[in-house]
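J.: Right, I'll just put the structure down here and ask away after.
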Amino acid sequence: HFSWECLKRLQEAIQNGRPWLVPSVLTSSMAPLEQLTLAESVAEEVFSVDPHQFKAHFQSKAAGQRTAGCSYIVAFPVSRPLAELRPPFLVLDGLQLPRNVGQILRTALHMGVTSVVASRSSWACLDGDAARGSMGWLYHMDFHVASSLGDALHEMRELGVRIYAADSYFPTSVQPHTPRGDRQWALVLGNEDVGISKEAKALSDAHVAVPQHGGESLNVAAAAAICLYELGRHMGK
């Protein structure tokens with residue numbers, strides 16, 4: 001993973017009890033003392049190289065070239081049993097673009113949703129690009145990888161969770177989850193191109209969409225932000 005902003009969020013998450021392990025950080029030898037102190041507080045080892053070599057060989061292209069950044073290894077994510085996660089849930093059903101995933105996770109956390117269930121293909125997207133897309137906020141979330149998304153959805157239903165599947169062609173506009181103050185809900189988001197899987201659609205309690213007055217379908221990250229806001233509008237803390 002990369003960027004000082006993300007490493008700062010990672011430090012905060014570890015201080016708050018998240019179980020992430022950072023074996024090493026690599027940075028420029030000209031990094032400011034504040035950044036080196038941050039790296040040393042998080043990682044078991046910190047390595048530095050000439051700033052020109054760092055930019056040429058180690059700085060992620062996604063980080064940009066305006067300022068020297070950092071690269072680090074982190075044992076992330078770690079899958080937890082679904083029963084240990086607290087609803088509401090965000091369910092990633094086949095999403096394949098890490099930046100989309102990162103933006104969605106950042107929005108979800110700020111809307112009070114910190115439990116994420118990911119299909120195998122979406123789990124593979126939880127990389128450095130996703131971390132950067134979330135500005136490091138994904139380190140503050142809990143994850144469950146669903147080898148079978150259908151089994152995970154069945155388990156949620158057994159736990160009393162109402163499942164909302166969102167896709168652009170569904171006829172019902174998304175509305176706040178009821179009853180007021182209840183947190184027992186999940187939002188399922190589908191693949192960027194083909195949308196919700198047939199299995200997830202069949203196992204969902206409601207099929208919702210963002211109402212539109214023109215144009216084509218919204219980007220999944222934009223649609224997710226609206227759905228998360230609407231579903232959680234009357235959510236308890």
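Just remember, in the structure tokens the first chain shown is A, the second B, etc., residues are 1-based per chain, and ligands are 1-based in the order shown.
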For the interface of segment 1-117 of chain A with segment 144-148 of chain A (cut-off 10 Å, counting only C-alpha atoms), please tabulate each contacting residue of segment 1-117 of chain A alongside its nearest pair of atoms and their separation in Å to one decimal, rows sorted by chain and increasing number, as CSV.
T.:
```
residue,atom,partner,partner_atom,distance
A:Pro77,CA,A:His144,CA,9.0
A:Val78,CA,A:His144,CA,7.7
A:Ser79,CA,A:His144,CA,4.5
A:Arg80,CA,A:His144,CA,5.1
A:Pro81,CA,A:His144,CA,6.4
A:Leu82,CA,A:His144,CA,6.0
A:Ala83,CA,A:His144,CA,9.6
A:Glu84,CA,A:His144,CA,9.4
A:Leu85,CA,A:His144,CA,8.1
A:Val91,CA,A:His144,CA,9.5
A:Leu92,CA,A:Ala146,CA,9.7
A:Asp93,CA,A:Ala146,CA,9.6
A:Ser115,CA,A:His144,CA,8.0
A:Val116,CA,A:His144,CA,6.3
A:Val117,CA,A:His144,CA,4.8
```
J.: Write out as number ranges by chain all residues of segment 17-70 of chain A that backbone DSSP assigns to strand (DSSP E).
T.: A: 21-28, 45-49, 70
J.: I need the residue nearest Leu90 of chain A from this list: A:Leu33, A:Ala118, A:Ala131, A:Ala56. Use only C-alpha atoms for the distance.
T.: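 Of all the options, A:Ala118 lies closest to Leu90 of chain A.
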J.: Set the distance at 12 Å and use only C-alpha atoms: which residues neighbour Ser41 of chain A once local chain neighbours fewer than 2 positions away are removed? I'd like the list as a PyMOL selection string.
T.: chain A and resi 7-8+10-12+14-15+21-25+34-39+43-46
J.: Keeping only C-alpha atoms, write the selected residues to a file as an mmCIF file, in the first residue's frame.
T.:
```cif
data_model
loop_
_atom_site.group_PDB
_atom_site.id
_atom_site.type_symbol
_atom_site.label_atom_id
_atom_site.label_comp_id
_atom_site.auth_asym_id
_atom_site.auth_seq_id
_atom_site.Cartn_x
_atom_site.Cartn_y
_atom_site.Cartn_z
ATOM 1 C CA LEU A 7 -0.478 5.295 6.635
ATOM 2 C CA LYS A 8 -1.814 7.892 9.090
ATOM 3 C CA LEU A 10 -3.664 2.929 9.441
ATOM 4 C CA GLN A 11 -1.888 4.188 12.552
ATOM 5 C CA GLU A 12 -5.189 5.483 13.938
ATOM 6 C CA ILE A 14 -4.176 0.181 14.988
ATOM 7 C CA GLN A 15 -4.395 2.518 17.975
ATOM 8 C CA LEU A 21 0.298 -5.800 11.023
ATOM 9 C CA VAL A 22 2.831 -3.609 9.168
ATOM 10 C CA PRO A 23 6.167 -5.411 8.692
ATOM 11 C CA SER A 24 7.915 -2.570 6.861
ATOM 12 C CA VAL A 25 7.711 0.914 5.354
ATOM 13 C CA GLU A 34 7.145 13.891 11.163
ATOM 14 C CA GLN A 35 6.597 11.295 8.459
ATOM 15 C CA LEU A 36 9.545 9.164 9.561
ATOM 16 C CA THR A 37 8.190 9.237 13.116
ATOM 17 C CA LEU A 38 4.824 8.082 11.801
ATOM 18 C CA ALA A 39 6.444 5.206 9.911
ATOM 19 C CA ALA A 43 6.083 -0.571 11.219
ATOM 20 C CA GLU A 44 8.501 -3.139 12.555
ATOM 21 C CA GLU A 45 11.174 -1.824 10.162
ATOM 22 C CA VAL A 46 11.587 1.411 8.175
#
```
J.: Find, counting only C-alpha atoms, the residue in A:Ala223, A:Leu153, A:Val161, A:Val74 that gets nearest to Gln184 of chain A.
T.: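 With only C-alpha atoms as the atom set, the closest residue is A:Val161.
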J.: Could you list, as a list in words, every residue within 7 Å of segment 96-110 of chain A, counting only C-alpha atoms and ignoring same-chain residues fewer than 5 positions away?
T.: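 Residues meeting the cut-off are Ser121, Ser122, Cys125, Leu126, Asp127, Asp129, Ala130, Ala131, Arg132, Gly133, Ser134, Trp137, Leu138, Asn191, Ala221, Ala224, Ala225 and Leu228 of chain A.
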J.: Save the residues we just selected, C-alpha atoms, as an mmCIF file, in the first residue's frame?
T.:
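Written output follows (again.cif):
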```cif
data_model
loop_
_atom_site.group_PDB
_atom_site.id
_atom_site.type_symbol
_atom_site.label_atom_id
_atom_site.label_comp_id
_atom_site.auth_asym_id
_atom_site.auth_seq_id
_atom_site.Cartn_x
_atom_site.Cartn_y
_atom_site.Cartn_z
ATOM 1 C CA SER A 121 -13.590 -11.201 -6.765
ATOM 2 C CA SER A 122 -14.322 -8.098 -4.696
ATOM 3 C CA CYS A 125 -9.861 -5.546 -4.985
ATOM 4 C CA LEU A 126 -9.000 -4.628 -1.387
ATOM 5 C CA ASP A 127 -5.490 -3.526 -2.335
ATOM 6 C CA ASP A 129 -5.503 1.371 -4.867
ATOM 7 C CA ALA A 130 -8.652 0.694 -2.857
ATOM 8 C CA ALA A 131 -6.939 1.985 0.271
ATOM 9 C CA ARG A 132 -5.963 5.166 -1.547
ATOM 10 C CA GLY A 133 -9.460 5.542 -2.978
ATOM 11 C CA SER A 134 -10.820 5.394 0.565
ATOM 12 C CA TRP A 137 -10.587 4.827 5.963
ATOM 13 C CA LEU A 138 -11.006 1.156 5.007
ATOM 14 C CA ASN A 191 -20.509 -5.615 -10.664
ATOM 15 C CA ALA A 221 -19.810 4.586 -6.260
ATOM 16 C CA ALA A 224 -23.857 3.573 -3.454
ATOM 17 C CA ALA A 225 -23.495 6.947 -1.725
ATOM 18 C CA LEU A 228 -26.315 4.350 1.893
#
```
J.: Which distance in Å separates atom CA of Ser173 of chain A and atom CA of Glu230 of chain A, to one decimal?
T.: 9.9 Å
J.: If you measure from atom CA of Ser197 of chain A to atom CA of Gly94 of chain A, what distance in Å do you get, rounded to one decimal?
T.: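 Separation of atom CA of Ser197 of chain A and atom CA of Gly94 of chain A: 7.9 Å.
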J.: Go through A:Thr114, A:Ser71, A:Thr27, A:Gln212 one by one, measure the shortest atom-to-atom distance of each to Tyr169 of chain A using only C-alpha atoms, and give the residue with the smallest value.
T.: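 Nearest candidate to Tyr169 of chain A out of A:Thr114, A:Ser71, A:Thr27, A:Gln212: A:Gln212.
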J.: Can you tell me, as a compact mmCIF listing (two decimals) with all heavy atoms, in the first residue's frame, what residues are no more than 8 Å from Phe54 of chain A when counting only C-alpha atoms, ignoring any on the same chain fewer than 4 positions away?
T.:
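The new file part-v1.txt reads:
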```txt
# COMPACT_ATOMS: atom_id res chain seq x y z
N THR A 27 10.55 4.53 2.32
CA THR A 27 10.32 5.92 2.00
C THR A 27 11.60 6.58 1.49
O THR A 27 12.67 5.96 1.45
CB THR A 27 9.79 6.68 3.24
OG1 THR A 27 9.45 8.01 2.87
CG2 THR A 27 10.84 6.71 4.35
N SER A 28 11.48 7.84 1.13
CA SER A 28 12.63 8.62 0.69
C SER A 28 13.49 9.01 1.89
O SER A 28 12.98 9.27 2.98
CB SER A 28 12.14 9.88 -0.03
OG SER A 28 13.16 10.86 -0.07
N VAL A 49 15.55 5.22 0.94
CA VAL A 49 16.43 5.22 -0.23
C VAL A 49 16.53 6.65 -0.76
O VAL A 49 15.76 7.54 -0.38
CB VAL A 49 15.91 4.28 -1.33
CG1 VAL A 49 15.89 2.84 -0.87
CG2 VAL A 49 14.53 4.72 -1.81
N ASP A 50 17.47 6.87 -1.64
CA ASP A 50 17.64 8.17 -2.29
C ASP A 50 16.30 8.60 -2.90
O ASP A 50 15.61 7.78 -3.52
CB ASP A 50 18.71 8.06 -3.38
CG ASP A 50 18.86 9.35 -4.16
OD1 ASP A 50 19.58 10.24 -3.71
OD2 ASP A 50 18.22 9.44 -5.24
N PHE A 58 10.08 3.03 -6.85
CA PHE A 58 9.25 2.52 -5.77
C PHE A 58 7.94 3.27 -5.56
O PHE A 58 7.02 2.72 -4.97
CB PHE A 58 10.03 2.54 -4.44
CG PHE A 58 11.27 1.71 -4.48
CD1 PHE A 58 12.53 2.30 -4.51
CD2 PHE A 58 11.19 0.33 -4.49
CE1 PHE A 58 13.68 1.53 -4.53
CE2 PHE A 58 12.33 -0.45 -4.53
CZ PHE A 58 13.59 0.16 -4.55
N GLN A 59 7.84 4.51 -6.02
CA GLN A 59 6.61 5.26 -5.77
C GLN A 59 5.52 4.79 -6.70
O GLN A 59 5.72 4.70 -7.91
CB GLN A 59 6.84 6.77 -5.95
CG GLN A 59 5.58 7.58 -5.64
CD GLN A 59 5.91 8.99 -5.18
OE1 GLN A 59 6.79 9.17 -4.35
NE2 GLN A 59 5.22 9.96 -5.70
N ALA A 68 7.08 13.17 -2.68
CA ALA A 68 7.55 11.82 -2.39
C ALA A 68 6.63 11.18 -1.37
O ALA A 68 6.24 11.81 -0.39
CB ALA A 68 8.98 11.87 -1.86
```
J.: Pick from A:Met235, A:Met141, A:Cys6, A:Cys70: nearest to Pro32 of chain A, with only C-alpha atoms counted?
T.: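 Smallest separation from Pro32 of chain A among the options: A:Cys70.
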J.: Give me, please, the distance in Å between atom CA of Pro88 of chain A and atom CA of Gln175 of chain A, quoted to one decimal.
T.: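 Atom CA of Pro88 of chain A sits 15.2 Å away from atom CA of Gln175 of chain A.
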J.: With only C-alpha atoms as the counted atoms, please give the residues lying no more than 8 Å from Leu203 of chain A, apart from itself and same-chain residues fewer than 4 positions off, as a list in words.
T.: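 Selected residues are Gly150, Leu153, His154, Ile163 and Glu199 of chain A.
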